[in-house]
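The structure appears right after this line, and notes come after that.
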Amino acid sequence: MNTLFDLKGKVAVVTGARKGLGFGMAEGLAEGGADIVGVGPIAMPELEKSVTDLGRRFLFVEADLTSQSKISAIVDETVKKLGGVDILINNAGIIRRADMLDFTEKDWDDVMNINLKTLFFLSQAAARQMKSQGRGGKIVNVASMLSFQGGIRVPSYTSSKSGVAGLTKLMANELSQFDIQVNAIAPGYMATDNTEALQKDANRSREILARIPANRWGTPDDLKGAAVFLSSKASDYITGHILAVDGGWLAR
């Protein structure tokens with residue numbers, strides 16, 4: 001059974017891995033045996049230490065993911081330095097909050113650009129590499145509870161994460177022929193920088209906790225198991241699925 005979850009010899013590219021959910025998933029993949037490529041605009045010394053302490057290789061690729069200009073370079077550098085791409089975790093994302101009636105075009109474009117456009121074109125580049133390698137691959141997108149629900153005061157975020165769910169299914173349909181499985185993780189309410197305002201709002205935090213059967217906010221470590229599962233042979237017959245890791249939020 002352990003071999004189903006074994007990631008030894010795999011190279012995993014994780015965007016937005018410097019902290020938060022991306023850090024947790026990248027660390028989990030390294031614990032499973034994978035070498036890690038951390039992609040983002042700022043160096044990731046804490047992740048590098050965690051990965052190399054586990055005996056895995058680590059590569060930092062500097063890229064501003066609000067632009068698509070570095071996408072080909074991310075894949076090219078990974079292949080050059082680590083020999084290939086087996087797993088892509090599309091975690092990088094941003095959120096902007098404002099009432100619908102006051103929401104700006106810039107806040108719409110900024111969120112959609114990184115959360116959806118970059119996700120698609122990086123997936124495209126990684127899938128082309130996986131196809132050329134001829135050994136299949138795994139793409140794991142990070143969706144959201146707002147892939148299922150509307151939410152409030154986050155119109156571009158809701159739109160982008162609904163789009164992530166749809167794109168996950170489309171990519172699964174098209175890439176299955178190359179033995180590439182595409183799935184998504186939909187985190188529930190997680191204690192990260194993106195939810196700091198909600199955590200500090202006593203009323204909203206209390207309302208949120210009242211709906212979570214697990215009775216706590218999630219942590220980056222809560223995504224490790226899902227990330228390893230969807231990146232390993234254990235999920236070879238699962239594709240186009242949105243896996244909620246939400247403490248039971250959607251069950252209420």
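The way I read the labels, and the way they are meant: chains A, B, ... in the order of the structure tokens, residue 1 as the first residue of every chain, and ligand 1 as the first ligand shown, with later ones counted on from there.
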
Could you pull out all residues of region 158-220 of chain A with a DSSP call of strand (DSSP E or B) and give them as a PDB file with N, CA and C atoms, in the first residue's frame?
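And here is the file that came out, selection_7.pdb:
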```pdb
ATOM      1  N   ILE A 180      -2.494  11.876 -17.822  1.00  0.00           N
ATOM      2  CA  ILE A 180      -2.338  13.015 -16.916  1.00  0.00           C
ATOM      3  C   ILE A 180      -3.669  13.226 -16.208  1.00  0.00           C
ATOM      4  N   GLN A 181      -3.651  13.084 -14.873  1.00  0.00           N
ATOM      5  CA  GLN A 181      -4.863  13.314 -14.102  1.00  0.00           C
ATOM      6  C   GLN A 181      -4.874  14.747 -13.566  1.00  0.00           C
ATOM      7  N   VAL A 182      -6.027  15.374 -13.660  1.00  0.00           N
ATOM      8  CA  VAL A 182      -6.183  16.761 -13.207  1.00  0.00           C
ATOM      9  C   VAL A 182      -7.320  16.811 -12.191  1.00  0.00           C
ATOM     10  N   ASN A 183      -7.005  17.241 -10.987  1.00  0.00           N
ATOM     11  CA  ASN A 183      -7.992  17.374  -9.924  1.00  0.00           C
ATOM     12  C   ASN A 183      -7.767  18.692  -9.187  1.00  0.00           C
ATOM     13  N   ALA A 184      -8.644  18.993  -8.255  1.00  0.00           N
ATOM     14  CA  ALA A 184      -8.499  20.218  -7.469  1.00  0.00           C
ATOM     15  C   ALA A 184      -8.780  19.932  -6.004  1.00  0.00           C
ATOM     16  N   ILE A 185      -8.120  20.686  -5.168  1.00  0.00           N
ATOM     17  CA  ILE A 185      -8.402  20.696  -3.736  1.00  0.00           C
ATOM     18  C   ILE A 185      -9.144  21.986  -3.434  1.00  0.00           C
ATOM     19  N   ALA A 186     -10.266  21.876  -2.737  1.00  0.00           N
ATOM     20  CA  ALA A 186     -11.030  23.056  -2.320  1.00  0.00           C
ATOM     21  C   ALA A 186     -10.886  23.210  -0.812  1.00  0.00           C
ATOM     22  N   PRO A 187      -9.953  24.038  -0.362  1.00  0.00           N
ATOM     23  CA  PRO A 187      -9.788  24.213   1.088  1.00  0.00           C
ATOM     24  C   PRO A 187     -11.002  24.928   1.678  1.00  0.00           C
ATOM     25  N   MET A 190      -9.264  28.384   6.116  1.00  0.00           N
ATOM     26  CA  MET A 190      -7.919  28.089   6.581  1.00  0.00           C
ATOM     27  C   MET A 190      -7.290  29.314   7.246  1.00  0.00           C
ATOM     28  N   GLY A 218      -8.914  25.461   9.525  1.00  0.00           N
ATOM     29  CA  GLY A 218      -7.928  24.530   8.997  1.00  0.00           C
ATOM     30  C   GLY A 218      -6.531  25.113   9.042  1.00  0.00           C
TER      31      GLY A 218
END
```

Exercise: Leu198 (chain A) partners within 12 Å, only C-alpha atoms, chain neighbours under 4 positions left out, as a ChimeraX atom specification: /A:97,189-194,202-209,217

Neighbour list for Leu4 (chain A) as a PyMOL selection string, cut-off 7 Å, only C-alpha atoms, skip fewer than 2 positions in-chain: chain A and resi 1-2+6+232-234

Keeping C-alpha atoms for every residue in the selection just given, could you write it to a file as a compact mmCIF listing (two decimals), in the first residue's frame?
```
# COMPACT_ATOMS: atom_id res chain seq x y z
CA MET A 1 0.00 0.00 0.00
CA ASN A 2 2.81 2.43 0.80
CA ASP A 6 5.34 6.97 -2.78
CA SER A 232 0.43 9.81 -6.36
CA LYS A 233 -0.52 6.53 -8.02
CA ALA A 234 -3.23 6.16 -5.39
```

Which of A:Val61, A:Thr239, A:Asp222, A:Gly188 sits closest to Ala251 (chain A) [using only C-alpha atoms]: A:Gly188

Nearest to Ser67 (chain A) by atom-to-atom distance, counting only C-alpha atoms, from A:Glu27, A:Gly22, A:Lys117, A:Ile212: A:Lys117

Residue list (helix (DSSP H, G or I), DSSP) for region 1-244 of chain A, as an MDAnalysis selection string: chainID A and resid 2:5 20:31 45:53 71:82 100:102 105:133 145:147 155:178 193:200 202:211 220:231 233:235

Exercise: region 240-244 of chain A partners within 12 Å, only C-alpha atoms, chain neighbours under 3 positions left out, as a ChimeraX atom specification: /A:138-148,161-162,164-176,180-189,218,222-223,225-227,229-230,235-237,247-251

Give me the residues of region 86-108 of chain A that have any atom at most 10 Å from an atom of region 32-42 of chain A; for each, the nearest atom pair and the distance in Å, rounded to one decimal. Use only C-alpha atoms, sort by chain and number, and format it as JSON lines.
```
{"residue": "A:Asp86", "atom": "CA", "partner": "A:Ala34", "partner_atom": "CA", "distance": 9.4}
{"residue": "A:Ile87", "atom": "CA", "partner": "A:Ala34", "partner_atom": "CA", "distance": 9.1}
{"residue": "A:Leu88", "atom": "CA", "partner": "A:Val37", "partner_atom": "CA", "distance": 9.4}
{"residue": "A:Ile89", "atom": "CA", "partner": "A:Gly38", "partner_atom": "CA", "distance": 10.0}
{"residue": "A:Asn90", "atom": "CA", "partner": "A:Val39", "partner_atom": "CA", "distance": 9.9}
{"residue": "A:Asn91", "atom": "CA", "partner": "A:Val39", "partner_atom": "CA", "distance": 9.8}
{"residue": "A:Ala92", "atom": "CA", "partner": "A:Gly40", "partner_atom": "CA", "distance": 8.1}
```

Minimum-distance residue to Gly55 (chain A), chosen among A:Val79, A:Ile152, A:Ile114, A:Ala30 (using only C-alpha atoms):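 Among A:Val79, A:Ile152, A:Ile114, A:Ala30, it is A:Ala30 that comes nearest to Gly55 (chain A).
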
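Between CA of Asp179 (chain A) and CA of Ser231 (chain A) lies a distance of 12.6 Å.
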
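Summary of the local environment: counting only C-alpha atoms, residues at most 12 Å from Ser72 (chain A), other than itself and those fewer than 3 positions away along its chain, are A:Val61, A:Ala63, A:Leu65, A:Ser67, A:Gln68, A:Ser69, A:Val75, A:Asp76, A:Glu77, A:Thr78, A:Val79, A:Thr118, A:Phe121, A:Leu122, A:Ser123, A:Gln124, A:Ala125, A:Ala126, A:Ala127, A:Arg128, A:Gln129.
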
Residue contacts of Ser160 (chain A) (7 Å, only C-alpha atoms) excluding same-chain residues fewer than 4 positions away, as a list in words: Met112, Asn115, Leu116, Ser156 and Val164 of chain A

Counting only C-alpha atoms, the residue of A:Ala12, A:Ala43, A:Asp201, A:Asp246 that sits nearest Pro213 (chain A):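 Using only C-alpha atoms, the shortest distance to Pro213 (chain A) belongs to A:Asp246.
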
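One finds CA of Gly151 (chain A) at 13.4 Å from CA of Thr195 (chain A).
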
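Interatomic distance, CA of Asp110 (chain A) to CA of Gly93 (chain A): 9.9 Å.
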
Minimum-distance residue to Ala210 (chain A), chosen among A:Arg252, A:Thr104, A:Lys224, A:Met25 (using only C-alpha atoms):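 Looking only at the distances to Ala210 (chain A), the closest residue turns out to be A:Arg252.
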